[in-house]
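**Q** There's a structure below that I have some questions on.
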Amino acid sequence: MRECVSTSCSCVRSRKGFRLGGNNRYLTFSPSFLLMKFREIAELCEKLEKTGKRNKMVELCADFLKRLNPSEIGSVVCILLGRPFPRGSWEKLEINWMILRDPILRVIKARPEDMETAIGKTGDLGAATYLLFKSRQKPQRLFIESPLEILEVRDIFLKIARVKGPRARERKERFLEGLFARSGPLEAKYLVKIITGEMRTGFREGLMRLAIAKAFGLPEEAVMRACMFAGDISRVAEIAAKRGEAGIRSLKPFPFRPIQPMLAKVAESVEEAINLHEGTTALEYKLDGARVQVHKSGGKVRIFSRNLTDVTGSMPEISNQISRELAGRRAIAEGEVIAVGRDGFPLPFQYLLQRFRRERKIREMMREVPLELQLFDLLYLNGRSLVDLPYTQRRGLLEEIAGGVKLTEQLIVHDPQGGERFLNQAIRGGHEGVIAKKPDSPYIPGARENAWLKIKPTLEPLDLVIVGAEFGYGRRHKWLSDYYLAARDEKTGKYEIVGKTFKGLTDAELQEMTDKLKELGVRREGRRVWVQPSIVVEVAYNEIQRSSKYPCGMALRFARITRIRNDKSPQDADTVERVGEIYAKQAKRRVRNR
Ligand code: AMP
């Protein structure tokens, strides 16, 4: 807090605005000289990246949050986590590397080759931009421009997200050029990192929760709980700053505010699940579709996907069914949507994706790819949060209100044999496997814990990110058809290559993939193109081997793409640690089988 230098009064000023002497209430206006500059957040990111120590990172971030004006807090939290907007937001920048690169080059009068060299040296788009900005003189402007403020950056991001229609690219580039023209090397570096979603400071949501707790003097447990229902952690920070502990404790499930979905860990067998669940487990079919959270209030229905995007428009028959069938005025239920063939068997996931992609021809698609919803959980009913109730009670209530909506097949088992029979029945019915749910467990949003365990009969496929691709040979020469597959390293935030494959995609998919990868390309080496990590694919394989081929020391054998996961972002990809775990289990199994 600084003394008000311009007057002789007893006013004290902080980033919250003016505080009148002795009075603890803040006036709400925020003069611009009190607003945080974007440069300051870039400097904080540099410090976070350099320290690498968790406690220090939390302390640095907490101090920073305390110095902010409440109107800046939400944006700062998003930026520090490398997102332009809160999770679940309708806004999307939709800027690929080509759209981003050209305005940068224009501002510093550099050539594409200069950028390629810088990327080659640094291996990071943000760091490469920093290098170029440092080495080039920005053209002198006739007037002195004020430094960018955080709120200005947020507003320009919003404007970019709202650019639609003809000449959208050109208009987006103009906004970007404006941003970079007012940036120094450090600001430019972090603008690139936020826009490409590759922050790589090692500061993630868990640490942000601690920092919010520390900054506003709140119990960690209260912050953690609030994050489950707020849709995004930036909202928790905003409420914490304005209304303290009472404010964040009042956050509860509420219709049309999507809740972080609870996730499942992996179990090797039904027996393991029964042991982990202390003797009894509830098995449900694991359907191979898309997770949905359906929210209903009065006559309105909205459907959210696994990553909390609103997908109501792509499945009108499901929202009609919910509005018609689901009893209860207000409810939040969860389930899986699958595509079903004429024979009643589930269709492969690709069919479902067609529905998500082609919203315009939706009537036609409704006939071609009929959808079916199967519900498996109930989180809120008529003003009451159900998340703390045991699974069995939630399921009981769901059965009462489901009306004509199907529920996933379920069986409560105590013995492994009965469970294995149910698993085989699920596989024969065309499903992926089963999910074992601990009968007395609450619904823990966002958690991946032992309370839910997925059991599949084969080696579990991995969700990996494409980081590079090569042009094929012969018939495939026009396509980028051979892909470098990478897992996420949680410690460094980098993507480590674990395999390569040219198998699994149809000609149409190869064409689509080639178009996308060309847009994402950041560097070319002969036939090879390195791309921004963006596309997630599900990969099946026969084995994981120790190998010196890739820096992480492991390689997938006989990898093949089983589907393109447009519903997942690179942050949802499997980790190097997970690949290591599967490798270790495989090795153990081999010893056992000898
Ligand atoms: P994974 O995406 O492989 O981590 O597996 C968890 C996913 O399985 C969930 O996000 C759901 O989309 C899906 N799923 C399918 N059937 C069920 C079920 N009965 N209960 C919970 N999740 C299910």
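By order in the structure tokens, chains are A, B, ...; within a chain, residues start at 1; ligands start at 1, following the order shown.
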Neighbours of Ile303 of chain A within 9 Å (only C-alpha atoms; same-chain residues fewer than 5 positions away dropped), as an MDAnalysis selection string?
**A** chainID A and resid 256 258 292:296 308:313 315 318:319
**Q** Could the residues in this selection be saved with N, CA, C and O atoms as a CSV table (one decimal), in the first residue's frame?
**A**
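So the final result, stored in selection36.csv, reads:
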```csv
chain,number,residue,atom,x,y,z
A,256,PHE,N,-26.9,-24.8,-14.8
A,256,PHE,CA,-26.3,-24.0,-15.9
A,256,PHE,C,-24.9,-23.5,-15.5
A,256,PHE,O,-24.3,-22.7,-16.2
A,258,PRO,N,-21.6,-25.4,-15.1
A,258,PRO,CA,-21.0,-26.8,-15.2
A,258,PRO,C,-20.1,-27.1,-14.0
A,258,PRO,O,-19.3,-26.3,-13.6
A,292,VAL,N,-21.6,-36.3,-20.8
A,292,VAL,CA,-22.4,-35.1,-20.8
A,292,VAL,C,-22.9,-34.8,-19.4
A,292,VAL,O,-23.2,-35.7,-18.6
A,293,GLN,N,-23.0,-33.5,-19.1
A,293,GLN,CA,-23.7,-33.1,-17.9
A,293,GLN,C,-24.9,-32.4,-18.3
A,293,GLN,O,-24.8,-31.4,-19.0
A,294,VAL,N,-26.1,-32.9,-17.9
A,294,VAL,CA,-27.3,-32.2,-18.4
A,294,VAL,C,-27.9,-31.4,-17.2
A,294,VAL,O,-28.0,-31.8,-16.1
A,295,HIS,N,-28.2,-30.1,-17.5
A,295,HIS,CA,-28.7,-29.2,-16.5
A,295,HIS,C,-30.1,-28.8,-17.0
A,295,HIS,O,-30.3,-28.5,-18.1
A,296,LYS,N,-31.0,-28.9,-16.0
A,296,LYS,CA,-32.4,-28.6,-16.3
A,296,LYS,C,-32.9,-27.6,-15.2
A,296,LYS,O,-32.7,-27.8,-14.0
A,308,LEU,N,-16.5,-29.0,-20.3
A,308,LEU,CA,-17.5,-28.0,-19.9
A,308,LEU,C,-17.9,-27.0,-20.9
A,308,LEU,O,-18.2,-25.9,-20.7
A,309,THR,N,-17.8,-27.5,-22.2
A,309,THR,CA,-18.3,-26.6,-23.3
A,309,THR,C,-19.8,-26.9,-23.5
A,309,THR,O,-20.2,-28.1,-23.3
A,310,ASP,N,-20.5,-25.9,-23.9
A,310,ASP,CA,-22.0,-26.1,-24.1
A,310,ASP,C,-22.2,-26.7,-25.4
A,310,ASP,O,-21.8,-26.2,-26.5
A,311,VAL,N,-22.8,-27.9,-25.4
A,311,VAL,CA,-23.0,-28.7,-26.7
A,311,VAL,C,-24.5,-28.9,-27.0
A,311,VAL,O,-24.8,-29.8,-27.8
A,312,THR,N,-25.3,-28.1,-26.3
A,312,THR,CA,-26.8,-28.3,-26.4
A,312,THR,C,-27.2,-28.3,-27.9
A,312,THR,O,-28.0,-29.2,-28.3
A,313,GLY,N,-26.6,-27.4,-28.7
A,313,GLY,CA,-27.1,-27.2,-30.1
A,313,GLY,C,-26.8,-28.4,-30.9
A,313,GLY,O,-27.5,-28.6,-31.9
A,315,MET,N,-27.2,-31.6,-30.0
A,315,MET,CA,-28.0,-32.8,-29.7
A,315,MET,C,-29.4,-32.4,-29.3
A,315,MET,O,-29.8,-32.7,-28.1
A,318,ILE,N,-31.7,-35.0,-27.5
A,318,ILE,CA,-31.3,-35.3,-26.1
A,318,ILE,C,-31.9,-34.2,-25.2
A,318,ILE,O,-32.5,-34.5,-24.2
A,319,SER,N,-31.7,-32.9,-25.6
A,319,SER,CA,-32.3,-31.9,-24.7
A,319,SER,C,-33.8,-32.0,-24.7
A,319,SER,O,-34.4,-31.8,-23.6
```
**Q** Per residue of chain A within 9 Å of ligand 1, record the nearest atom pair and its distance in Å to one decimal, counting only C-alpha atoms and all ligand atoms, with rows in chain order and ascending residue number, as a Markdown table.
**A**
```
| residue | atom | partner | partner_atom_place_in_ligand_line | distance |
| --- | --- | --- | --- | --- |
| A:Pro261 | CA | ligand 1 | 10 (O) | 7.2 |
| A:Met262 | CA | ligand 1 | 10 (O) | 7.4 |
| A:Leu263 | CA | ligand 1 | 6 (C) | 5.6 |
| A:Ala264 | CA | ligand 1 | 6 (C) | 5.3 |
| A:Lys265 | CA | ligand 1 | 4 (O) | 7.1 |
| A:Val266 | CA | ligand 1 | 4 (O) | 8.2 |
| A:Leu283 | CA | ligand 1 | 19 (N) | 8.0 |
| A:Glu284 | CA | ligand 1 | 19 (N) | 4.8 |
| A:Tyr285 | CA | ligand 1 | 19 (N) | 5.2 |
| A:Lys286 | CA | ligand 1 | 16 (N) | 3.4 |
| A:Leu287 | CA | ligand 1 | 15 (C) | 4.0 |
| A:Asp288 | CA | ligand 1 | 15 (C) | 5.9 |
| A:Gly289 | CA | ligand 1 | 12 (O) | 6.6 |
| A:Ala290 | CA | ligand 1 | 12 (O) | 5.4 |
| A:Arg291 | CA | ligand 1 | 12 (O) | 3.8 |
| A:Val292 | CA | ligand 1 | 12 (O) | 7.4 |
| A:Arg306 | CA | ligand 1 | 10 (O) | 6.7 |
| A:Glu334 | CA | ligand 1 | 21 (C) | 8.3 |
| A:Gly335 | CA | ligand 1 | 18 (C) | 6.9 |
| A:Glu336 | CA | ligand 1 | 15 (C) | 5.8 |
| A:Val337 | CA | ligand 1 | 12 (O) | 8.5 |
| A:Gln374 | CA | ligand 1 | 19 (N) | 8.3 |
| A:Leu375 | CA | ligand 1 | 19 (N) | 7.9 |
| A:Phe376 | CA | ligand 1 | 19 (N) | 5.7 |
| A:Asp377 | CA | ligand 1 | 20 (N) | 7.8 |
| A:Leu407 | CA | ligand 1 | 19 (N) | 8.7 |
| A:Thr408 | CA | ligand 1 | 19 (N) | 5.8 |
| A:Glu409 | CA | ligand 1 | 19 (N) | 7.8 |
| A:Gln410 | CA | ligand 1 | 19 (N) | 8.1 |
| A:His431 | CA | ligand 1 | 16 (N) | 8.8 |
| A:Glu432 | CA | ligand 1 | 15 (C) | 8.1 |
| A:Gly433 | CA | ligand 1 | 16 (N) | 8.4 |
| A:Val434 | CA | ligand 1 | 19 (N) | 7.0 |
| A:Ile435 | CA | ligand 1 | 18 (C) | 5.8 |
| A:Ala436 | CA | ligand 1 | 20 (N) | 8.2 |
| A:Lys437 | CA | ligand 1 | 20 (N) | 8.1 |
| A:Arg448 | CA | ligand 1 | 4 (O) | 8.5 |
| A:Trp452 | CA | ligand 1 | 21 (C) | 7.7 |
| A:Leu453 | CA | ligand 1 | 6 (C) | 8.6 |
| A:Lys454 | CA | ligand 1 | 5 (O) | 6.5 |
| A:Glu460 | CA | ligand 1 | 3 (O) | 8.6 |
| A:Pro461 | CA | ligand 1 | 3 (O) | 8.5 |
| A:Leu462 | CA | ligand 1 | 3 (O) | 8.7 |
| A:Asp463 | CA | ligand 1 | 3 (O) | 8.6 |
```
**Q** I need the chosen residues saved as a CSV table (one decimal), in the first residue's frame, with N, CA and C atoms.
**A**
```csv
chain,number,residue,atom,x,y,z
A,261,PRO,N,-16.1,-32.6,-13.9
A,261,PRO,CA,-16.5,-34.0,-13.8
A,261,PRO,C,-15.6,-34.9,-13.0
A,262,MET,N,-16.2,-35.8,-12.3
A,262,MET,CA,-15.3,-36.8,-11.5
A,262,MET,C,-14.8,-37.8,-12.5
A,263,LEU,N,-13.5,-38.2,-12.3
A,263,LEU,CA,-12.8,-39.0,-13.3
A,263,LEU,C,-12.5,-40.4,-12.6
A,264,ALA,N,-12.1,-41.3,-13.5
A,264,ALA,CA,-11.8,-42.6,-13.0
A,264,ALA,C,-10.3,-43.0,-13.1
A,265,LYS,N,-9.8,-43.7,-12.1
A,265,LYS,CA,-8.4,-44.3,-12.2
A,265,LYS,C,-8.5,-45.6,-12.9
A,266,VAL,N,-7.4,-46.2,-13.1
A,266,VAL,CA,-7.4,-47.5,-13.8
A,266,VAL,C,-7.3,-48.7,-12.8
A,283,LEU,N,-20.6,-52.1,-10.2
A,283,LEU,CA,-20.0,-52.1,-11.6
A,283,LEU,C,-21.1,-51.5,-12.5
A,284,GLU,N,-20.6,-50.6,-13.4
A,284,GLU,CA,-21.5,-50.1,-14.5
A,284,GLU,C,-20.8,-50.3,-15.8
A,285,TYR,N,-21.6,-50.5,-16.9
A,285,TYR,CA,-21.0,-50.6,-18.2
A,285,TYR,C,-20.2,-49.3,-18.5
A,286,LYS,N,-19.1,-49.4,-19.0
A,286,LYS,CA,-18.3,-48.2,-19.5
A,286,LYS,C,-18.7,-48.0,-20.9
A,287,LEU,N,-19.5,-47.0,-21.2
A,287,LEU,CA,-19.9,-46.7,-22.6
A,287,LEU,C,-18.9,-45.9,-23.3
A,288,ASP,N,-18.7,-46.2,-24.6
A,288,ASP,CA,-17.7,-45.5,-25.4
A,288,ASP,C,-18.3,-44.4,-26.2
A,289,GLY,N,-18.6,-43.3,-25.5
A,289,GLY,CA,-19.3,-42.2,-26.1
A,289,GLY,C,-18.7,-40.9,-25.6
A,290,ALA,N,-19.6,-39.9,-25.4
A,290,ALA,CA,-19.1,-38.6,-24.9
A,290,ALA,C,-19.8,-38.3,-23.6
A,291,ARG,N,-19.0,-37.9,-22.6
A,291,ARG,CA,-19.6,-37.6,-21.3
A,291,ARG,C,-20.4,-36.3,-21.4
A,292,VAL,N,-21.6,-36.3,-20.8
A,292,VAL,CA,-22.4,-35.1,-20.8
A,292,VAL,C,-22.9,-34.8,-19.4
A,306,ARG,N,-17.5,-32.9,-21.6
A,306,ARG,CA,-16.6,-33.2,-20.5
A,306,ARG,C,-15.7,-32.0,-20.2
A,334,GLU,N,-25.6,-36.6,-14.8
A,334,GLU,CA,-24.5,-36.9,-15.7
A,334,GLU,C,-24.7,-38.3,-16.4
A,335,GLY,N,-24.2,-38.4,-17.6
A,335,GLY,CA,-24.3,-39.6,-18.3
A,335,GLY,C,-23.4,-39.6,-19.5
A,336,GLU,N,-23.6,-40.6,-20.4
A,336,GLU,CA,-22.8,-40.7,-21.6
A,336,GLU,C,-23.7,-40.8,-22.8
A,337,VAL,N,-23.4,-40.1,-23.8
A,337,VAL,CA,-24.2,-40.1,-25.0
A,337,VAL,C,-23.4,-41.0,-26.0
A,374,GLN,N,-27.5,-42.3,-21.8
A,374,GLN,CA,-27.7,-43.2,-20.6
A,374,GLN,C,-27.1,-42.5,-19.4
A,375,LEU,N,-27.9,-42.3,-18.4
A,375,LEU,CA,-27.5,-41.5,-17.3
A,375,LEU,C,-26.8,-42.4,-16.2
A,376,PHE,N,-25.9,-41.8,-15.5
A,376,PHE,CA,-25.3,-42.6,-14.4
A,376,PHE,C,-25.1,-41.9,-13.1
A,377,ASP,N,-25.4,-40.6,-13.0
A,377,ASP,CA,-25.3,-39.9,-11.7
A,377,ASP,C,-26.2,-38.7,-11.6
A,407,LEU,N,-30.8,-45.7,-17.8
A,407,LEU,CA,-29.7,-45.6,-16.9
A,407,LEU,C,-28.6,-46.6,-17.4
A,408,THR,N,-27.4,-46.4,-17.1
A,408,THR,CA,-26.3,-47.4,-17.5
A,408,THR,C,-26.6,-48.7,-16.7
A,409,GLU,N,-26.4,-49.9,-17.4
A,409,GLU,CA,-26.5,-51.2,-16.7
A,409,GLU,C,-25.6,-51.1,-15.4
A,410,GLN,N,-26.1,-51.7,-14.3
A,410,GLN,CA,-25.4,-51.7,-13.1
A,410,GLN,C,-25.5,-53.0,-12.3
A,431,HIS,N,-19.5,-52.6,-25.6
A,431,HIS,CA,-19.0,-51.5,-24.8
A,431,HIS,C,-17.5,-51.7,-24.4
A,432,GLU,N,-16.9,-50.6,-23.8
A,432,GLU,CA,-15.5,-50.6,-23.6
A,432,GLU,C,-15.0,-51.5,-22.5
A,433,GLY,N,-15.8,-51.6,-21.5
A,433,GLY,CA,-15.5,-52.3,-20.2
A,433,GLY,C,-16.4,-51.9,-19.2
A,434,VAL,N,-15.9,-51.8,-17.9
A,434,VAL,CA,-16.8,-51.4,-16.8
A,434,VAL,C,-16.2,-50.3,-16.0
A,435,ILE,N,-17.0,-49.6,-15.3
A,435,ILE,CA,-16.5,-48.7,-14.3
A,435,ILE,C,-16.9,-49.2,-12.9
A,436,ALA,N,-16.0,-49.3,-12.0
A,436,ALA,CA,-16.3,-49.8,-10.6
A,436,ALA,C,-16.5,-48.6,-9.7
A,437,LYS,N,-17.6,-48.4,-9.1
A,437,LYS,CA,-17.8,-47.3,-8.2
A,437,LYS,C,-18.0,-47.7,-6.7
A,448,ARG,N,-9.6,-37.5,-9.7
A,448,ARG,CA,-9.4,-38.8,-10.3
A,448,ARG,C,-8.9,-39.7,-9.1
A,452,TRP,N,-13.7,-44.3,-8.2
A,452,TRP,CA,-14.1,-44.7,-9.5
A,452,TRP,C,-12.9,-45.4,-10.2
A,453,LEU,N,-13.1,-46.6,-10.7
A,453,LEU,CA,-12.0,-47.3,-11.4
A,453,LEU,C,-12.5,-47.9,-12.7
A,454,LYS,N,-11.7,-47.6,-13.7
A,454,LYS,CA,-12.2,-48.1,-15.0
A,454,LYS,C,-11.4,-49.4,-15.3
A,460,GLU,N,-4.5,-50.6,-21.7
A,460,GLU,CA,-5.3,-49.4,-21.9
A,460,GLU,C,-4.8,-48.5,-23.0
A,461,PRO,N,-5.6,-48.1,-23.9
A,461,PRO,CA,-5.1,-47.1,-24.9
A,461,PRO,C,-4.7,-45.8,-24.3
A,462,LEU,N,-3.8,-45.1,-24.9
A,462,LEU,CA,-3.3,-43.8,-24.4
A,462,LEU,C,-3.8,-42.7,-25.2
A,463,ASP,N,-4.1,-41.6,-24.5
A,463,ASP,CA,-4.5,-40.4,-25.3
A,463,ASP,C,-3.2,-39.5,-25.4
```
**Q** Hey, which of A:Thr122, A:Ser146, A:Gln417, A:Thr129 ends up closest to Phe38 of chain A? Count only C-alpha atoms.
**A**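 Between A:Thr122, A:Ser146, A:Gln417, A:Thr129, the residue approaching Phe38 of chain A most closely is A:Ser146.
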**Q** As a PyMOL selection string, which residues of segment 237-400 of chain A does DSSP assign to strand (DSSP E)?
**A** chain A and resi 263-266+281-286+290-297+300-305+330-339+371-381+384-385
**Q** May I have the residues within 7 Å of Leu556 of chain A as a PyMOL selection string, using only C-alpha atoms and disregarding those fewer than 3 positions away in the same chain?
**A** chain A and resi 498-499+541+543-545+559
**Q** Measuring atom to atom with only C-alpha atoms, identify which of A:Ala487, A:Met115, A:Ile455, A:Leu480 is nearest to Ala426 of chain A.
**A** A:Ile455
**Q** Show me, as a ChimeraX atom specification, the residues that have an atom within 12 Å of Val531 of chain A when counting only C-alpha atoms, minus same-chain residues fewer than 4 positions from it.
**A** /A:96-98,119,123-125,196,465-470,480,483-486,495,513-514,516-525,535
**Q** When you count only C-alpha atoms, which of these residues is closest to Gly202 of chain A: A:Glu581, A:Glu245, A:Glu91, A:Glu490?
**A**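 Between A:Glu581, A:Glu245, A:Glu91, A:Glu490, the residue approaching Gly202 of chain A most closely is A:Glu490.
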**Q** In segment 371-448 of chain A, what's helix (DSSP H, G or I) per DSSP? Answer as a PyMOL selection string?
**A** chain A and resi 391-401+416-428
**Q** I want to know what sits within 9 Å of Ala161 of chain A, based on only C-alpha atoms, with residues of the same chain fewer than 6 positions away left out; could you give that as a list in words?
**A**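 Counting only C-alpha atoms, the residues come to Glu91, Lys92, Leu93, Glu94 and Lys172 of chain A.
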**Q** Kindly export the residues of the current selection with C-alpha atoms, as a short mmCIF file (atom, residue, chain, number, x, y, z; two decimals), in the first residue's frame.
**A**
```cif
data_model
loop_
_atom_site.label_atom_id
_atom_site.label_comp_id
_atom_site.auth_asym_id
_atom_site.auth_seq_id
_atom_site.Cartn_x
_atom_site.Cartn_y
_atom_site.Cartn_z
CA GLU A 91 -15.19 -17.38 -25.88
CA LYS A 92 -12.44 -18.98 -27.96
CA LEU A 93 -9.52 -17.12 -29.58
CA GLU A 94 -9.19 -19.57 -32.48
CA LYS A 172 -7.77 -10.82 -35.81
#
```
**Q** So that I can see what lies close to Arg111 of chain A, please list as a list in words the residues with an atom at most 12 Å from it, counting only C-alpha atoms and leaving out residues fewer than 5 positions away in the same chain.
**A**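 Once the nearby chain positions are removed, what remains is Arg101, Asp102, Pro103, Ile104, Leu105, Arg106, Glu116, Thr117, Ala118, Leu132 and Arg136 of chain A.
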**Q** So that I have them on file, write out the residues from the current selection with N, CA, C and O atoms, as a compact mmCIF listing (two decimals), in the first residue's frame.
**A**
```
# COMPACT_ATOMS: atom_id res chain seq x y z
N ARG A 101 1.85 -15.68 -35.98
CA ARG A 101 3.23 -15.39 -36.39
C ARG A 101 3.33 -14.13 -37.25
O ARG A 101 4.20 -13.28 -37.02
N ASP A 102 2.44 -14.01 -38.23
CA ASP A 102 2.60 -12.92 -39.19
C ASP A 102 2.57 -11.52 -38.56
O ASP A 102 3.43 -10.69 -38.86
N PRO A 103 1.59 -11.25 -37.67
CA PRO A 103 1.64 -9.91 -37.04
C PRO A 103 2.92 -9.68 -36.24
O PRO A 103 3.45 -8.56 -36.24
N ILE A 104 3.45 -10.73 -35.60
CA ILE A 104 4.70 -10.56 -34.84
C ILE A 104 5.81 -10.14 -35.81
O ILE A 104 6.56 -9.20 -35.57
N LEU A 105 5.89 -10.88 -36.92
CA LEU A 105 6.96 -10.60 -37.89
C LEU A 105 6.82 -9.17 -38.44
O LEU A 105 7.82 -8.47 -38.62
N ARG A 106 5.60 -8.76 -38.68
CA ARG A 106 5.41 -7.41 -39.22
C ARG A 106 5.86 -6.35 -38.22
O ARG A 106 6.53 -5.39 -38.59
N GLU A 116 11.84 -19.25 -37.78
CA GLU A 116 12.14 -20.69 -37.78
C GLU A 116 13.46 -20.96 -37.07
O GLU A 116 13.59 -21.90 -36.29
N THR A 117 14.47 -20.09 -37.35
CA THR A 117 15.77 -20.28 -36.69
C THR A 117 15.62 -20.12 -35.18
O THR A 117 16.15 -20.92 -34.40
N ALA A 118 14.86 -19.10 -34.77
CA ALA A 118 14.69 -18.86 -33.33
C ALA A 118 13.97 -20.04 -32.68
O ALA A 118 14.32 -20.46 -31.57
N LEU A 132 13.64 -12.99 -30.85
CA LEU A 132 13.53 -12.11 -32.02
C LEU A 132 13.28 -10.66 -31.61
O LEU A 132 13.86 -9.74 -32.16
N ARG A 136 15.85 -7.45 -32.51
CA ARG A 136 15.39 -6.51 -33.54
C ARG A 136 14.90 -5.24 -32.89
O ARG A 136 14.27 -5.28 -31.85
```
**Q** Need the shell around Lys56 of chain A: protein/DNA/RNA residues with any atom at most 10 Å away, counting only C-alpha atoms. Skip same-chain ones fewer than 6 positions apart. Format as a ChimeraX atom specification?
**A** /A:47-48,62
**Q** Report, in Å with one decimal, the straight-line distance from atom CA of Leu80 of chain A to atom CA of Lys164 of chain A.
**A**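 One can read the atom CA of Leu80 of chain A to atom CA of Lys164 of chain A distance as 27.2 Å.
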